[in-house]
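Visitor: Here it is, the structure in full.
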Amino acid sequence: MKARLIQVAYAGRSIWAVLTALLCASVLFVIAGADPIQAYVTLFGEAFFDYFGFGATVVKFSPILLAGLAVALPLKAGLFNVGGEGQIYMGALFCTIAALFLPFLHPAIHLPLCIAAGALGGAFWAFIAGWLKAYRGINEVIVTLLLNYVGINLVSYAAGGPLMEEGAPYPYSPEVPTALHLPYILPPTDAHAGAPAGLVLALCLALLMRYTTFGFAMTIVGNNAQAARYAGISVEHQILYAMSLGGALAGLAGAFEILGLKYRLFHMFSAGYGFDGIVVAFIASANLAFLPIAALFLAGLRAGAQLMQRAVGVDSTIVDAIQGLVVMFVAASLALRFSDSRWGRAAAQRRADEALAGSKELKHG
Amino acid sequence: MVEWLDASLITDMLRSSLRLMIPIGYAAMGGVLCERSGVYNMGLEGMLLAGAFGGALGTFLTGSPMGGLLVGILLGMSGAIALGVLAVLFSVNQIVCGIAINLVVIGLTAFFARLIFGLDATTQTLPGFSAMAIPLLSQIPIVGPVLFNQDPLVYLMYAVCPFLYWLLYRSEFGLQIRATGENPAAADTAGVPVFRIRFMCVLLSGALAGIGGAYIVLSQVFVFTEHMSAGKGFIALAAIILGRWDPIGSVMASWFFGFCEALQLRLQFANPEVPYQFFTALPYVASILALIGVYGRFKPPAAVGIPYRRESKA
């Protein structure tokens, strides 16, 4: 019984990590001269229990969730895609180009094309890293991180150069046609259809990974590439699929930002959502079903921070600090392995005993 | 094209490329040590940033760049302690730890920078190190001004790099480091304290990255800005590979990346008609291309990335 209880507590270790981080961050609030309880009440109250505040949360939920999926999915295949930020930028770039330069089409065709272009842009950027990993054995962490900077510069160039609106005071593109804007879901807030779309995608991907051979193959590659190779799975192809799919998801985040919120390609438009995605994937320990919950939490933290800054007077960069602490504690929680602990061994022993007793019963019965 | 052959221009380019490579060079040397002992240090970027923050903080508090350097080293090492405890002692995935360190440093430095330096932090500059010409040596044409008219931290690197080479290849400690990085189980059996060696290497790499970060503040820009390490830690990771996991090689590779950065600045200045983004992306593209170029030719330490655990108790 006690072992079971501890097992449950262990399964929820991300929650403990988040709570510990919030507790530590309350020290930061005190250092900054604010009452942490009041700050947290304002922060989460505004983010989740206020209509407009919740709208702001949902606005951030969509890119954070998609960026989180972009990290969690390749992680299933054992790959660290830390290039979400660059892939978001490339997705936005491709999407904007499709929205502005495709000949006139009916919006029902044009909009999906723009979204697909965004996914393609992100997938392309991640594919580079995937290909280099699969066929050249080059560490994907370094390549995706470096590609972030290249992607951001590329968009900065595009928004200030060939795509720049004439006479614009600073680098941004012309507005995408109104017919291509994503519908609002919580008027009059800015929350757009990107959020439910992301949710549906998360669900589909969770099912895909759990119930299809494709997902199974990817998980095997992640768990033991050698075994996968012996089983006849092409590890190289799985790496390419995993990275491209991850990149496509981040690209979607970029496309939704353009079509749902900004309507123009700005330079430096993403508020570090690619990195938020890493945090979210950490919290959900790459579990696709938990990812939306983690993303909602982080989106609330980000949206609430701005309101909290006005009310309590603590700089909203405290959220970056909280995020960092959460990641640190989640990483630390990985040090505790249930199967290694005394309780884990006890539970394993009991299962073995029960199985033995069961087989004896079978024999005599 | 003729202007490129101008001696003073070449001197100037080499000199600024040496200055620009310093943060990358220190981080790469630390990373070499760390990876030779079998631990990936993806947290170099965070340790650089922590060092930069420490450099600004220490100088801000004590009024002296030496104080900044000291605090920079300490903060760089505190990031390393996190990596050491989690990745070495508790065998958490090393890449996960590194990424976590990067994020936690970005978050904490952004918060504390606002809190301590205030919003006008970017307007007031801190005191820093200035170039000190070495008599006689700095008179040698081209080589003199390039190598011997630099900041104290550059001179320190001239000492640290050969020292690390000696440490790694000529000392008993270095033999233990290399054994730990190639085959920790065998090293452990032979009585090498694997965990202690790895922990010390991680700690040293944090200190070196801390110096590199402090250099950015104390000798280059004299202010702290959020996320000012701007990927230099990741370029250092490329420099480690390009330098074949060797202290001298990695410094040479870092100089190449420093040269790319110097070239970038000069081209940006000389060719205003070309969009500057092509030039700012240059060091990152160069890093990726360098990684592709050396593919398959250099072998990493055999046990790098694999947490060492003694035979499990079960």
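The way I read the labels, and the way they are meant: chains A, B, ... in the order of the structure tokens, residue 1 as the first residue of every chain, and ligand 1 as the first ligand shown, with later ones counted on from there.
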Set the distance at 12 Å and use only C-alpha atoms: which residues neighbour range 225-236 of chain A once local chain neighbours fewer than 2 positions away are removed? I'd like the list as number ranges by chain.

Guide: A: 76-79, 127, 130-137, 213-223, 238-243

Visitor: Using backbone DSSP assignments, extract all helix (DSSP H, G or I) residues from range 190-314 of chain A; output them as a VMD selection string.

Guide: chain A and resid 194 to 211 213 to 223 225 to 230 235 to 262 273 to 283 291 to 312

Visitor: May I have the residues of chain B within 8 Å of chain A, counting only C-alpha atoms, written as a ChimeraX atom specification?

Guide: /B:86,90-92,96-97,100-101,103-111,114-115,231,234-235,237-238,275-278,280-281,284-285,287-288,291-292,295-296,314

Visitor: Since we have the selection now, will you write its residues out, keeping C-alpha atoms, as a tab-separated table (two decimals), in the first residue's frame?

Guide:
chain	number	residue	atom	x	y	z
B	86	LEU	CA	22.77	15.88	-11.46
B	90	PHE	CA	22.81	11.13	-10.02
B	91	SER	CA	23.33	10.05	-13.65
B	92	VAL	CA	20.57	12.22	-15.07
B	96	VAL	CA	18.80	17.29	-20.35
B	97	CYS	CA	20.89	18.79	-17.53
B	100	ALA	CA	18.08	22.90	-18.02
B	101	ILE	CA	21.13	24.89	-16.93
B	103	LEU	CA	17.26	27.89	-19.33
B	104	VAL	CA	17.67	28.47	-15.61
B	105	VAL	CA	20.58	30.84	-16.19
B	106	ILE	CA	18.73	32.80	-18.87
B	107	GLY	CA	15.76	33.18	-16.52
B	108	LEU	CA	17.62	34.05	-13.35
B	109	THR	CA	20.05	36.49	-14.97
B	110	ALA	CA	17.22	38.31	-16.76
B	111	PHE	CA	15.34	38.69	-13.49
B	114	ARG	CA	16.47	44.04	-13.92
B	115	LEU	CA	16.39	43.91	-10.15
B	231	GLY	CA	24.90	31.27	-28.81
B	234	PHE	CA	26.93	26.50	-28.79
B	235	ILE	CA	29.61	27.69	-31.19
B	237	LEU	CA	30.55	23.09	-28.72
B	238	ALA	CA	31.26	23.09	-32.44
B	275	PRO	CA	21.64	43.13	-45.71
B	276	TYR	CA	23.43	42.86	-42.38
B	277	GLN	CA	21.56	39.68	-41.45
B	278	PHE	CA	23.64	37.68	-43.90
B	280	THR	CA	25.28	38.19	-38.48
B	281	ALA	CA	24.26	34.66	-39.46
B	284	TYR	CA	26.48	30.19	-36.97
B	285	VAL	CA	26.48	28.96	-40.57
B	287	SER	CA	29.89	26.43	-37.29
B	288	ILE	CA	27.39	24.12	-38.96
B	291	LEU	CA	30.73	20.29	-38.28
B	292	ILE	CA	29.70	18.86	-41.64
B	295	TYR	CA	32.23	14.49	-40.33
B	296	GLY	CA	33.49	11.03	-39.48
B	314	ALA	CA	19.52	-5.32	-7.79

Visitor: What lies within 8 Å of Leu163 in chain A using only C-alpha atoms, ignoring chain neighbours under 5 positions off, as JSON, numbers by chain?

Guide: {"A": [158, 172, 173, 174]}

Visitor: Which residues are close to range 199-205 of chain A, i.e. within 10 Å by only C-alpha atoms, leaving aside same-chain residues fewer than 2 positions away? Reply as a PyMOL selection string.

Guide: chain A and resi 61-62+65-66+68-69+73+194-197+207-211+215+249+288-292

Visitor: Using only C-alpha atoms, pick whichever of B:Gln139, B:Asn41, B:Thr62, B:Asn271 has the shortest atom-to-atom distance to Ile95 in chain B.

Guide: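 Closest residue, counting only C-alpha atoms: B:Asn41.
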
Visitor: Report the distance between CA of Ala302 in chain B and CA of Ala159 in chain B in Å, rounded to one decimal place.

Guide: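 Separation between CA of Ala302 in chain B and CA of Ala159 in chain B: 28.5 Å.
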